[in-house]
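Some notes on the structure that comes next.
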Amino acid sequence: LTTNAHQHNTNINIDMGTMFRQYQDWEPVVLRKPLAETQAEKRGHSGFSKKTAANVDLRQLENDESDERMTLPTVPKDLRIAIAQARQAKGFSQKELAAKLMIPAKTVQEYEAGRAIPNNALIAKMERNLGCKLPRAK
């Protein structure tokens, strides 16, 4: 009885292996970009935004004809002073303000030092948490 059962399972395994082999697809898969994308790339438009995280358009900053150093916009002095004064009036440290805004403390430090790239969405968030109107970056 054991021998017959063993032979029966072996026949099933062979039949299953044959069945799986016949359904395998060995044709190569070729991936190509759609025609519209390749034509846009030839014209110089990749379809991707050329903006930094702070929403600064890099194409406006690029100037191939000039040897001048490329500069990013920084926080204006009136905004730096306004943030620091409003934060101190509320009695917050830079770290406490950063925690309320859910951003790194380094970001608040950079805004007050003038090293950050201004982001109007973050400035609006600061206004709500500090309860005052801050000058916007241009």
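Scheme for the structure tokens: letters A, B, ... for chains in order shown; per-chain residue numbers from 1; ligand numbers from 1 in order shown.
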Test item: residues at most 10 Å from A:Ala113, only C-alpha atoms, excluding those fewer than 3 positions along its chain, as a PyMOL selection string: chain A and resi 74-77+80-81+84+107-110+116
All residues 12 Å or closer to A:Asn129, only C-alpha atoms, same chain fewer than 6 positions away omitted, as a PyMOL selection string: chain A and resi 83+86-87+90+92+96-102+122-123
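Straight-line separation from atom CA of A:Pro135 to atom CA of A:Leu79: 5.5 Å.
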Atomic distance atom CA of A:Tyr111 - atom CA of A:Ala82, expressed in Å with one decimal: 10.5 Å
